[in-house]
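**Q** protein-v1.tsv is reproduced below (TSV, C-alpha atoms and all ligand atoms).
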```
chain	number	residue	atom	x	y	z
A	16	MET	CA	119.86	18.07	118.99
A	17	LYS	CA	121.28	15.40	121.30
A	18	ILE	CA	120.00	12.32	123.07
A	19	THR	CA	122.07	10.42	125.62
A	20	VAL	CA	121.48	6.68	125.80
A	21	SER	CA	122.63	4.47	128.69
A	22	GLU	CA	123.19	0.85	127.84
A	23	LYS	CA	125.21	-1.93	129.40
A	24	LYS	CA	126.67	0.54	131.93
A	25	THR	CA	127.96	2.80	129.14
A	26	GLU	CA	126.53	6.06	127.90
A	27	TYR	CA	126.65	7.41	124.39
A	28	GLU	CA	125.40	10.40	122.54
A	29	VAL	CA	123.14	10.45	119.52
A	30	VAL	CA	123.55	13.72	117.64
A	31	ILE	CA	120.85	14.65	115.13
A	32	GLY	CA	120.91	17.51	112.63
A	33	LYS	CA	121.73	18.65	109.14
A	34	GLY	CA	125.15	18.93	107.49
A	35	LEU	CA	126.92	17.11	110.32
A	36	LEU	CA	128.92	14.41	108.54
A	37	SER	CA	132.23	16.25	108.29
A	38	SER	CA	132.11	17.11	112.01
A	39	PHE	CA	132.14	13.43	112.98
A	40	GLY	CA	135.83	13.10	114.01
A	41	GLU	CA	135.91	16.27	116.07
A	42	ARG	CA	132.51	15.73	117.68
A	43	PHE	CA	133.43	12.33	119.06
A	44	SER	CA	137.16	13.09	119.56
A	45	VAL	CA	138.09	10.13	117.41
A	46	SER	CA	141.82	9.29	117.31
A	47	GLY	CA	143.91	6.40	116.01
A	48	LYS	CA	143.02	4.38	112.94
A	49	THR	CA	139.47	4.40	111.67
A	50	LEU	CA	137.84	1.88	109.39
A	51	ILE	CA	134.75	3.20	107.62
A	52	VAL	CA	132.44	0.38	106.53
A	53	SER	CA	129.83	1.26	103.92
A	54	ASP	CA	127.98	-0.41	101.06
A	55	ASP	CA	127.96	0.27	97.33
A	56	GLY	CA	124.40	1.64	97.40
A	57	VAL	CA	125.27	4.38	99.88
A	58	PRO	CA	126.50	7.50	98.06
A	59	GLN	CA	130.26	7.44	98.63
A	60	LYS	CA	130.31	11.16	99.35
A	61	TYR	CA	128.93	10.36	102.83
A	62	ALA	CA	131.94	8.23	103.75
A	63	GLU	CA	134.19	10.92	102.26
A	64	GLU	CA	132.54	13.62	104.39
A	65	VAL	CA	132.92	11.50	107.54
A	66	ALA	CA	136.58	10.86	106.65
A	67	LYS	CA	137.33	14.60	106.43
A	68	GLY	CA	137.84	15.10	110.13
A	69	LEU	CA	139.84	11.90	110.65
A	70	LYS	CA	143.59	11.29	110.41
A	71	SER	CA	144.20	7.69	109.51
A	72	VAL	CA	141.25	6.41	107.49
A	73	TYR	CA	140.63	3.07	105.78
A	74	LYS	CA	137.49	2.13	103.86
A	75	PHE	CA	135.77	-1.16	103.26
A	76	VAL	CA	132.76	-1.24	100.93
A	77	ILE	CA	130.46	-4.28	100.87
A	78	PRO	CA	127.80	-4.96	98.23
A	79	GLN	CA	124.43	-3.49	99.16
A	80	GLY	CA	121.60	-5.69	100.40
A	81	GLU	CA	120.71	-8.09	103.19
A	82	GLY	CA	122.81	-10.82	101.52
A	83	SER	CA	125.91	-8.92	102.67
A	84	LYS	CA	125.27	-9.56	106.34
A	85	ASN	CA	127.20	-12.79	106.01
A	86	LEU	CA	130.13	-14.65	107.53
A	87	LYS	CA	132.33	-14.05	104.47
A	88	ASN	CA	132.04	-10.26	104.70
A	89	PHE	CA	132.43	-10.42	108.47
A	90	SER	CA	135.63	-12.41	108.02
A	91	ASP	CA	136.90	-10.22	105.16
A	92	VAL	CA	136.50	-7.03	107.18
A	93	LEU	CA	138.27	-8.59	110.17
A	94	ALA	CA	141.10	-9.80	107.91
A	95	PHE	CA	141.41	-6.30	106.41
A	96	MET	CA	141.76	-4.84	109.91
A	97	LEU	CA	144.44	-7.37	110.87
A	98	GLU	CA	146.37	-6.78	107.64
A	99	ASN	CA	146.31	-3.05	108.30
A	100	GLY	CA	147.49	-3.34	111.89
A	101	PHE	CA	144.35	-2.17	113.66
A	102	GLU	CA	144.68	-2.25	117.44
A	103	ARG	CA	142.32	-2.52	120.39
A	104	THR	CA	142.08	1.29	120.70
A	105	ASP	CA	141.15	1.88	117.03
A	106	ASN	CA	137.74	2.54	115.54
A	107	VAL	CA	135.09	1.14	113.24
A	108	VAL	CA	132.47	3.50	111.79
A	109	ALA	CA	129.37	2.26	109.97
A	110	VAL	CA	128.19	4.66	107.26
A	111	GLY	CA	125.00	3.20	105.81
A	112	GLY	CA	121.72	1.53	106.67
A	113	GLY	CA	120.95	-1.29	109.05
A	114	VAL	CA	122.86	-3.86	107.00
A	115	VAL	CA	126.12	-1.94	107.30
A	116	GLY	CA	125.41	-1.04	110.94
A	117	ASP	CA	124.70	-4.63	111.97
A	118	LEU	CA	127.75	-6.07	110.19
A	119	ALA	CA	130.20	-3.32	111.18
A	120	GLY	CA	128.92	-3.39	114.76
A	121	PHE	CA	129.54	-7.12	115.02
A	122	VAL	CA	133.01	-6.69	113.51
A	123	ALA	CA	133.74	-3.98	116.09
A	124	ALA	CA	132.44	-6.20	118.90
A	125	SER	CA	134.66	-9.09	117.80
A	126	TYR	CA	137.95	-7.58	116.67
A	127	MET	CA	140.48	-7.84	119.54
A	128	ARG	CA	137.46	-8.50	121.80
A	129	GLY	CA	136.00	-5.11	121.00
A	130	VAL	CA	137.16	-1.84	119.41
A	131	ASN	CA	135.37	1.53	119.40
A	132	PHE	CA	132.22	1.44	117.32
A	133	TYR	CA	130.42	4.48	115.90
A	134	ASN	CA	127.29	4.49	113.81
A	135	VAL	CA	126.42	7.01	111.09
A	136	PRO	CA	123.04	5.72	109.87
A	137	THR	CA	121.90	6.89	106.45
A	138	THR	CA	118.48	5.23	105.97
A	139	PHE	CA	115.36	6.32	107.80
A	140	LEU	CA	115.03	2.86	109.35
A	141	SER	CA	118.54	2.95	110.74
A	142	GLU	CA	118.10	6.55	111.91
A	143	VAL	CA	114.92	5.83	113.90
A	144	ASP	CA	115.65	2.30	114.99
A	145	SER	CA	118.67	0.11	114.38
A	146	SER	CA	121.38	2.68	115.26
A	147	ILE	CA	120.62	2.42	118.97
A	148	GLY	CA	119.89	-0.57	121.15
A	149	GLY	CA	123.25	-2.33	120.83
A	150	LYS	CA	122.10	-5.20	118.62
A	151	THR	CA	124.68	-6.26	116.04
A	152	ALA	CA	124.48	-9.39	113.91
A	153	ILE	CA	125.01	-11.29	110.71
A	154	ASP	CA	122.71	-13.83	109.09
A	155	PHE	CA	124.03	-17.39	109.37
A	156	CYS	CA	122.94	-20.73	107.84
A	157	GLY	CA	119.92	-19.00	106.34
A	158	VAL	CA	118.75	-17.66	109.70
A	159	LYS	CA	118.51	-13.87	109.99
A	160	ASN	CA	120.51	-12.24	112.79
A	161	SER	CA	121.41	-15.64	114.25
A	162	VAL	CA	125.00	-14.74	115.14
A	163	GLY	CA	125.86	-11.45	116.78
A	164	ALA	CA	126.46	-9.54	119.97
A	165	PHE	CA	125.03	-6.81	122.13
A	166	TYR	CA	127.57	-4.07	121.59
A	167	PRO	CA	126.51	-0.45	122.09
A	168	PRO	CA	128.20	2.20	119.95
A	169	LYS	CA	130.41	4.96	121.40
A	170	GLY	CA	128.39	7.52	119.49
A	171	VAL	CA	125.76	7.92	116.78
A	172	LEU	CA	125.68	10.75	114.24
A	173	ILE	CA	122.45	11.26	112.31
A	174	ASP	CA	122.64	13.71	109.44
A	175	THR	CA	119.14	14.06	108.05
A	176	ASP	CA	120.56	15.44	104.78
A	177	THR	CA	121.44	11.83	103.92
A	178	LEU	CA	117.72	11.14	103.48
A	179	LYS	CA	117.68	13.31	100.35
A	180	THR	CA	119.28	10.53	98.30
A	181	LEU	CA	117.28	7.67	99.79
A	182	GLY	CA	114.75	6.00	97.48
A	183	LYS	CA	111.09	6.79	98.20
A	184	ARG	CA	110.18	3.20	99.04
A	185	GLN	CA	113.13	2.83	101.40
A	186	LEU	CA	112.11	6.07	103.09
A	187	SER	CA	108.50	4.94	103.51
A	188	SER	CA	109.59	1.54	104.76
A	189	GLY	CA	111.58	3.26	107.51
A	190	ILE	CA	108.67	5.56	108.29
A	191	ALA	CA	106.60	2.43	108.99
A	192	GLU	CA	108.89	1.67	111.95
A	193	SER	CA	108.31	5.18	113.26
A	194	VAL	CA	104.56	4.73	112.82
A	195	LYS	CA	104.85	1.50	114.82
A	196	MET	CA	106.59	3.25	117.71
A	197	ALA	CA	104.13	6.13	117.61
A	198	ALA	CA	101.09	3.84	117.53
A	199	THR	CA	102.23	1.91	120.58
A	200	PHE	CA	104.00	4.58	122.66
A	201	ASP	CA	103.38	8.17	121.60
A	202	LYS	CA	100.14	9.66	120.36
A	203	GLU	CA	101.80	13.06	119.76
A	204	LEU	CA	104.33	11.51	117.42
A	205	PHE	CA	101.47	9.72	115.68
A	206	SER	CA	99.66	13.05	115.18
A	207	LEU	CA	102.85	14.60	113.83
A	208	LEU	CA	103.19	11.76	111.31
A	209	GLU	CA	99.52	12.14	110.42
A	210	ASN	CA	99.53	15.89	110.05
A	211	THR	CA	102.95	17.06	108.90
A	212	ASP	CA	102.78	18.95	105.62
A	213	ASP	CA	106.57	19.11	105.29
A	214	PHE	CA	108.25	15.80	106.07
A	215	GLU	CA	111.75	17.08	105.28
A	216	ARG	CA	111.31	19.92	107.78
A	217	ASP	CA	109.90	17.62	110.47
A	218	ALA	CA	112.20	14.63	109.88
A	219	GLU	CA	114.56	15.64	112.69
A	220	GLU	CA	111.68	15.87	115.17
A	221	ILE	CA	110.22	12.55	114.02
A	222	ILE	CA	113.60	10.84	114.34
A	223	ARG	CA	114.21	12.35	117.79
A	224	LYS	CA	110.79	11.32	119.09
A	225	SER	CA	111.18	7.80	117.67
A	226	LEU	CA	114.62	7.43	119.22
A	227	GLU	CA	113.33	8.71	122.57
A	228	ILE	CA	110.89	5.79	122.52
A	229	LYS	CA	113.53	3.25	121.58
A	230	LYS	CA	115.85	4.72	124.22
A	231	ARG	CA	113.19	4.33	126.91
A	232	VAL	CA	112.64	0.73	125.90
A	233	VAL	CA	116.32	-0.11	125.61
A	234	GLU	CA	117.29	1.51	128.90
A	235	ASN	CA	114.56	-0.29	130.79
A	236	ASP	CA	115.00	-3.57	129.19
A	237	LEU	CA	118.21	-4.42	127.36
A	238	LYS	CA	117.56	-8.06	126.51
A	239	GLU	CA	114.34	-8.54	124.56
A	240	GLN	CA	111.77	-8.80	127.33
A	241	GLY	CA	108.77	-6.77	128.48
A	242	LEU	CA	108.78	-3.31	126.91
A	243	ARG	CA	111.13	-4.37	124.17
A	244	ARG	CA	108.56	-6.92	123.09
A	245	ALA	CA	106.20	-4.04	122.34
A	246	LEU	CA	108.55	-3.06	119.51
A	247	ASN	CA	107.45	-6.30	117.85
A	248	PHE	CA	104.06	-4.75	117.12
A	249	GLY	CA	103.21	-5.72	113.53
A	250	HIS	CA	106.18	-8.07	113.30
A	251	THR	CA	104.58	-11.51	113.87
A	252	VAL	CA	102.40	-11.23	110.78
A	253	GLY	CA	104.85	-8.81	109.13
A	254	HIS	CA	107.68	-11.37	109.15
A	255	ALA	CA	105.35	-14.03	107.74
A	256	ILE	CA	104.23	-11.69	104.93
A	257	GLU	CA	107.88	-10.79	104.28
A	258	SER	CA	108.78	-14.48	103.87
A	259	ALA	CA	105.68	-15.29	101.81
A	260	CYS	CA	106.11	-12.28	99.51
A	261	PHE	CA	109.95	-12.23	99.33
A	262	PRO	CA	111.44	-10.27	97.58
A	263	ARG	CA	108.49	-8.14	96.47
A	264	LEU	CA	107.95	-6.20	99.69
A	265	LEU	CA	110.34	-4.34	101.96
A	266	HIS	CA	110.49	-5.07	105.68
A	267	GLY	CA	108.68	-1.87	106.75
A	268	GLU	CA	105.95	-2.44	104.18
A	269	CYS	CA	105.31	-5.88	105.70
A	270	VAL	CA	105.35	-4.50	109.24
A	271	ALA	CA	102.79	-1.90	108.14
A	272	LEU	CA	100.48	-4.67	106.92
A	273	GLY	CA	101.15	-6.70	110.06
A	274	MET	CA	100.13	-3.80	112.30
A	275	LEU	CA	96.67	-3.71	110.73
A	276	VAL	CA	95.99	-7.22	112.01
A	277	PHE	CA	96.38	-6.53	115.74
A	278	SER	CA	94.70	-3.12	115.83
A	279	SER	CA	91.26	-1.98	116.86
A	280	GLU	CA	88.92	-0.65	114.16
A	281	GLU	CA	89.71	2.92	115.20
A	282	VAL	CA	93.49	2.43	115.16
A	283	ARG	CA	93.29	0.60	111.83
A	284	GLU	CA	91.46	3.51	110.23
A	285	ARG	CA	94.12	5.97	111.34
A	286	LEU	CA	96.91	3.64	110.25
A	287	LEU	CA	95.39	3.27	106.80
A	288	LYS	CA	95.28	7.05	106.35
A	289	VAL	CA	98.94	7.32	107.36
A	290	TYR	CA	99.89	4.51	104.96
A	291	LYS	CA	98.21	6.34	102.09
A	292	LYS	CA	100.05	9.51	102.97
A	293	TYR	CA	103.46	7.76	102.89
A	294	SER	CA	102.65	5.39	100.01
A	295	LEU	CA	102.80	2.32	102.24
A	296	PRO	CA	100.76	-0.70	101.15
A	297	THR	CA	97.27	-1.17	102.57
A	298	PHE	CA	96.94	-4.68	101.19
A	299	ALA	CA	99.15	-7.21	99.37
A	300	ASP	CA	98.73	-10.23	97.24
A	301	PHE	CA	99.18	-13.11	99.73
A	302	SER	CA	96.90	-15.81	101.06
A	303	ALA	CA	96.30	-15.92	104.81
A	304	ASP	CA	96.67	-19.71	104.78
A	305	GLY	CA	100.00	-19.34	103.02
A	306	LEU	CA	101.27	-17.39	106.04
A	307	LEU	CA	100.55	-20.25	108.45
A	308	PRO	CA	103.85	-22.16	108.13
A	309	PHE	CA	105.82	-18.93	108.58
A	310	ILE	CA	103.80	-17.90	111.63
A	311	GLU	CA	104.29	-21.35	113.15
A	312	LYS	CA	108.05	-20.87	112.88
A	313	ASP	CA	107.85	-17.52	114.71
A	314	LYS	CA	110.61	-17.35	117.29
A	315	LYS	CA	108.27	-15.72	119.79
A	316	ALA	CA	106.21	-18.90	119.99
A	317	ALA	CA	105.29	-19.87	123.56
A	318	GLY	CA	104.03	-23.46	123.58
A	319	ASP	CA	101.38	-23.72	120.87
A	320	LYS	CA	100.53	-20.04	121.27
A	321	ILE	CA	102.43	-17.06	119.97
A	322	ASN	CA	103.05	-13.86	121.90
A	323	VAL	CA	101.43	-10.98	120.07
A	324	VAL	CA	101.38	-7.24	120.60
A	325	TYR	CA	98.17	-5.37	119.92
A	326	CYS	CA	97.09	-1.75	119.83
A	327	GLU	CA	93.57	-0.81	120.96
A	328	GLU	CA	94.23	2.91	121.18
A	329	ILE	CA	96.93	5.09	119.62
A	330	GLY	CA	99.80	5.54	122.09
A	331	SER	CA	99.24	2.26	123.93
A	332	PHE	CA	99.90	-1.45	123.58
A	333	GLY	CA	98.90	-4.75	125.14
A	334	PHE	CA	100.24	-8.30	125.04
A	335	GLY	CA	98.31	-11.43	124.21
A	336	LYS	CA	98.76	-14.99	123.03
A	337	SER	CA	97.16	-16.52	119.94
A	338	THR	CA	97.49	-19.78	118.07
A	339	PRO	CA	98.85	-19.55	114.52
A	340	ARG	CA	95.39	-20.52	113.23
A	341	GLU	CA	93.73	-17.73	115.24
A	342	ILE	CA	96.21	-15.29	113.75
A	343	THR	CA	95.57	-16.34	110.15
A	344	ASP	CA	91.82	-16.18	110.79
A	345	THR	CA	92.25	-12.56	111.92
A	346	VAL	CA	94.40	-11.87	108.86
A	347	LYS	CA	91.55	-13.17	106.65
A	348	GLU	CA	89.01	-11.05	108.48
A	349	VAL	CA	91.06	-7.84	108.28
A	350	PHE	CA	92.11	-8.13	104.65
A	351	SER	CA	88.73	-9.28	103.37
A	352	LYS	CA	87.12	-5.97	104.37
B	1	LIG	N1	120.26	-3.79	115.01
B	1	LIG	C1	118.98	-3.52	115.14
B	1	LIG	O1	118.46	-3.19	116.21
B	1	LIG	C2	118.12	-3.58	113.92
B	1	LIG	C3	116.80	-3.09	113.96
B	1	LIG	C4	116.05	-3.11	112.78
B	1	LIG	C5	116.61	-3.61	111.61
B	1	LIG	N2	117.88	-4.06	111.62
B	1	LIG	C6	118.50	-4.59	110.40
B	1	LIG	O2	118.59	-3.50	109.47
B	1	LIG	C7	118.66	-4.04	108.17
B	1	LIG	C8	117.79	-3.19	107.26
B	1	LIG	O3	118.30	-1.89	107.29
B	1	LIG	P1	117.86	-0.79	106.21
B	1	LIG	O4	116.40	-0.81	106.08
B	1	LIG	O5	118.56	0.44	106.61
B	1	LIG	O6	118.39	-1.41	104.85
B	1	LIG	P2	119.82	-1.38	104.12
B	1	LIG	O7	120.91	-1.18	105.06
B	1	LIG	O8	119.84	-2.60	103.27
B	1	LIG	O9	119.67	-0.08	103.19
B	1	LIG	C9	118.71	-0.06	102.19
B	1	LIG	C10	119.28	0.40	100.86
B	1	LIG	O10	119.48	1.80	100.90
B	1	LIG	C11	120.78	2.13	100.43
B	1	LIG	N3	121.13	3.37	101.12
B	1	LIG	C12	121.50	3.52	102.40
B	1	LIG	N4	121.57	4.81	102.71
B	1	LIG	C13	121.29	5.51	101.59
B	1	LIG	C14	121.17	6.88	101.28
B	1	LIG	N5	121.32	7.83	102.21
B	1	LIG	N6	120.88	7.24	100.01
B	1	LIG	C15	120.65	6.29	99.06
B	1	LIG	N7	120.71	4.97	99.30
B	1	LIG	C16	121.02	4.58	100.56
B	1	LIG	C17	121.61	0.92	100.74
B	1	LIG	O11	122.71	0.83	99.88
B	1	LIG	C18	120.62	-0.22	100.49
B	1	LIG	O12	120.59	-0.54	99.12
B	1	LIG	C19	118.21	-5.49	108.25
B	1	LIG	O13	119.33	-6.32	108.08
B	1	LIG	C20	117.68	-5.62	109.67
B	1	LIG	O14	117.88	-6.90	110.21
B	1	LIG	C21	118.64	-4.05	112.73
```
Translate the structure of the given file into structure tokens.
**A**
Amino acid sequence: MKITVSEKKTEYEVVIGKGLLSSFGERFSVSGKTLIVSDDGVPQKYAEEVAKGLKSVYKFVIPQGEGSKNLKNFSDVLAFMLENGFERTDNVVAVGGGVVGDLAGFVAASYMRGVNFYNVPTTFLSEVDSSIGGKTAIDFCGVKNSVGAFYPPKGVLIDTDTLKTLGKRQLSSGIAESVKMAATFDKELFSLLENTDDFERDAEEIIRKSLEIKKRVVENDLKEQGLRRALNFGHTVGHAIESACFPRLLHGECVALGMLVFSSEEVRERLLKVYKKYSLPTFADFSADGLLPFIEKDKKAAGDKINVVYCEEIGSFGFGKSTPREITDTVKEVFSK
């Protein structure tokens, strides 16, 4: 199954299927030196499979976790490439989740002003979301994704077999991003998520449909305006919950909770059923007032009001503006029921 994405005047293919890893080199006609960047939580057999079809392979493994998206690792990977004589025409391949993809993508964007970048995402979140769209970044001075570049990959290979080793919570957290896209853009995808009785069988279809949504958004709107803002559904409150509850909850779990706040009764009911199905949280131990300082810091603030995305009906979205206090009042109302 293939999707072609056009971004920044370039086109790239996203290939989705099972047992694809070892076909990577041939599929994308990769030549020259290749640096595979992975982390120590990603089963190393995935990088080994990807390396099979390549001639001159180097590997760089960073520690797993968000803390690795830092300047030190960025610099260390660049230094490793210089030491090993990488040139402008060589390649960087990310084999891992969004952390590896964001860091390796930024390395690829920066080394010699840009080498070929490929993404082999291995978490559900990176397979449905972060592997396309061209955003690469590291966290800097305590601010997430504050330094980075828009740098589309040359190709993306999604092997759904990699999901077999992913922890259940990580899987569900990624599913929350798919639920978000379905709720705002695609009622059929939402029904599929609601009704599938065999997630492993339907994963490819769910990933494809989610990526079709992200592709539509990205192609229409590369730099975080309009449609792309709709992808922030659940994120205003979600980010605040993530900060307030750190490190107890995963990003997708917080987004799931955040989505409940800007949904109609009817949408909320359907969301709650889906959360139960995928073991996503339906409530968490935080105080609405405790979220206020985090919501006030929200980067989407416009004057004293914050841009919010809401969902009245599955498959649609709307934009609004609320004050931080209005938002926490809604949080109280929703979670007191
Ligand atoms: N660039 C974008 O557009 C974009 C979009 C959304 C999120 N992100 C970024 O993505 C990051 C989160 O990504 P994530 O949720 O993939 O987390 P992650 O990359 O931290 O991966 C989660 C964990 O799963 C492990 N793992 C990865 N693949 C595995 C597999 N197949 N089997 C077993 N374990 C595996 C990793 O080692 C890690 O411990 C954040 O830094 C976020 O900012 C980027």
**Q** What do you get as a PDB file with C-alpha atoms, keeping the file's coordinate frame if you pick all residues at most 9 Å from ligand LIG 1 (chain B), counting all atoms listed in the file?
**A**
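Result file follows (selection_26.pdb):
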```pdb
ATOM      1  CA  SER A  53     129.830   1.260 103.920  1.00  0.00           C
ATOM      2  CA  ASP A  54     127.980  -0.410 101.060  1.00  0.00           C
ATOM      3  CA  ASP A  55     127.960   0.270  97.330  1.00  0.00           C
ATOM      4  CA  GLY A  56     124.400   1.640  97.400  1.00  0.00           C
ATOM      5  CA  VAL A  57     125.270   4.380  99.880  1.00  0.00           C
ATOM      6  CA  PRO A  58     126.500   7.500  98.060  1.00  0.00           C
ATOM      7  CA  TYR A  61     128.930  10.360 102.830  1.00  0.00           C
ATOM      8  CA  PRO A  78     127.800  -4.960  98.230  1.00  0.00           C
ATOM      9  CA  GLN A  79     124.430  -3.490  99.160  1.00  0.00           C
ATOM     10  CA  GLY A  80     121.600  -5.690 100.400  1.00  0.00           C
ATOM     11  CA  GLU A  81     120.710  -8.090 103.190  1.00  0.00           C
ATOM     12  CA  GLY A  82     122.810 -10.820 101.520  1.00  0.00           C
ATOM     13  CA  SER A  83     125.910  -8.920 102.670  1.00  0.00           C
ATOM     14  CA  LYS A  84     125.270  -9.560 106.340  1.00  0.00           C
ATOM     15  CA  VAL A 110     128.190   4.660 107.260  1.00  0.00           C
ATOM     16  CA  GLY A 111     125.000   3.200 105.810  1.00  0.00           C
ATOM     17  CA  GLY A 112     121.720   1.530 106.670  1.00  0.00           C
ATOM     18  CA  GLY A 113     120.950  -1.290 109.050  1.00  0.00           C
ATOM     19  CA  VAL A 114     122.860  -3.860 107.000  1.00  0.00           C
ATOM     20  CA  VAL A 115     126.120  -1.940 107.300  1.00  0.00           C
ATOM     21  CA  GLY A 116     125.410  -1.040 110.940  1.00  0.00           C
ATOM     22  CA  ASP A 117     124.700  -4.630 111.970  1.00  0.00           C
ATOM     23  CA  LEU A 118     127.750  -6.070 110.190  1.00  0.00           C
ATOM     24  CA  GLY A 120     128.920  -3.390 114.760  1.00  0.00           C
ATOM     25  CA  PRO A 136     123.040   5.720 109.870  1.00  0.00           C
ATOM     26  CA  THR A 137     121.900   6.890 106.450  1.00  0.00           C
ATOM     27  CA  THR A 138     118.480   5.230 105.970  1.00  0.00           C
ATOM     28  CA  PHE A 139     115.360   6.320 107.800  1.00  0.00           C
ATOM     29  CA  LEU A 140     115.030   2.860 109.350  1.00  0.00           C
ATOM     30  CA  SER A 141     118.540   2.950 110.740  1.00  0.00           C
ATOM     31  CA  GLU A 142     118.100   6.550 111.910  1.00  0.00           C
ATOM     32  CA  ASP A 144     115.650   2.300 114.990  1.00  0.00           C
ATOM     33  CA  SER A 145     118.670   0.110 114.380  1.00  0.00           C
ATOM     34  CA  SER A 146     121.380   2.680 115.260  1.00  0.00           C
ATOM     35  CA  ILE A 147     120.620   2.420 118.970  1.00  0.00           C
ATOM     36  CA  GLY A 148     119.890  -0.570 121.150  1.00  0.00           C
ATOM     37  CA  GLY A 149     123.250  -2.330 120.830  1.00  0.00           C
ATOM     38  CA  LYS A 150     122.100  -5.200 118.620  1.00  0.00           C
ATOM     39  CA  THR A 151     124.680  -6.260 116.040  1.00  0.00           C
ATOM     40  CA  ALA A 152     124.480  -9.390 113.910  1.00  0.00           C
ATOM     41  CA  ILE A 153     125.010 -11.290 110.710  1.00  0.00           C
ATOM     42  CA  ASP A 154     122.710 -13.830 109.090  1.00  0.00           C
ATOM     43  CA  LYS A 159     118.510 -13.870 109.990  1.00  0.00           C
ATOM     44  CA  ASN A 160     120.510 -12.240 112.790  1.00  0.00           C
ATOM     45  CA  THR A 175     119.140  14.060 108.050  1.00  0.00           C
ATOM     46  CA  ASP A 176     120.560  15.440 104.780  1.00  0.00           C
ATOM     47  CA  THR A 177     121.440  11.830 103.920  1.00  0.00           C
ATOM     48  CA  LEU A 178     117.720  11.140 103.480  1.00  0.00           C
ATOM     49  CA  LYS A 179     117.680  13.310 100.350  1.00  0.00           C
ATOM     50  CA  THR A 180     119.280  10.530  98.300  1.00  0.00           C
ATOM     51  CA  LEU A 181     117.280   7.670  99.790  1.00  0.00           C
ATOM     52  CA  GLY A 182     114.750   6.000  97.480  1.00  0.00           C
ATOM     53  CA  GLN A 185     113.130   2.830 101.400  1.00  0.00           C
ATOM     54  CA  LEU A 186     112.110   6.070 103.090  1.00  0.00           C
ATOM     55  CA  SER A 188     109.590   1.540 104.760  1.00  0.00           C
ATOM     56  CA  GLY A 189     111.580   3.260 107.510  1.00  0.00           C
ATOM     57  CA  GLU A 192     108.890   1.670 111.950  1.00  0.00           C
ATOM     58  CA  LEU A 265     110.340  -4.340 101.960  1.00  0.00           C
ATOM     59  CA  HIS A 266     110.490  -5.070 105.680  1.00  0.00           C
ATOM     60  CA  GLY A 267     108.680  -1.870 106.750  1.00  0.00           C
TER      61      GLY A 267
END
```
**Q** Restricting the calculation to all atoms listed in the file, which member of A:Val270, A:Val289, A:Ile173, A:Met96 is positioned closest to Leu208 (chain A)?
**A** A:Val289
**Q** When you draw a straight line from CA of Gly68 (chain A) to CA of Phe101 (chain A), how long is it in Å?
**A**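 CA of Gly68 (chain A) sits 18.8 Å away from CA of Phe101 (chain A).
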**Q** So how many Å separate CA of Val143 (chain A) and CA of Ala62 (chain A), to one decimal?
**A** 20.0 Å
**Q** Using all atoms listed in the file, pick whichever of A:Gly273, A:Pro339, A:Gly47, A:Gly249 has the shortest atom-to-atom distance to Val130 (chain A).
**A** A:Gly47
**Q** Quick check, in Å to one decimal: how far apart do CA of Ile221 (chain A) and CA of Tyr27 (chain A) lie?
**A** 20.1 Å
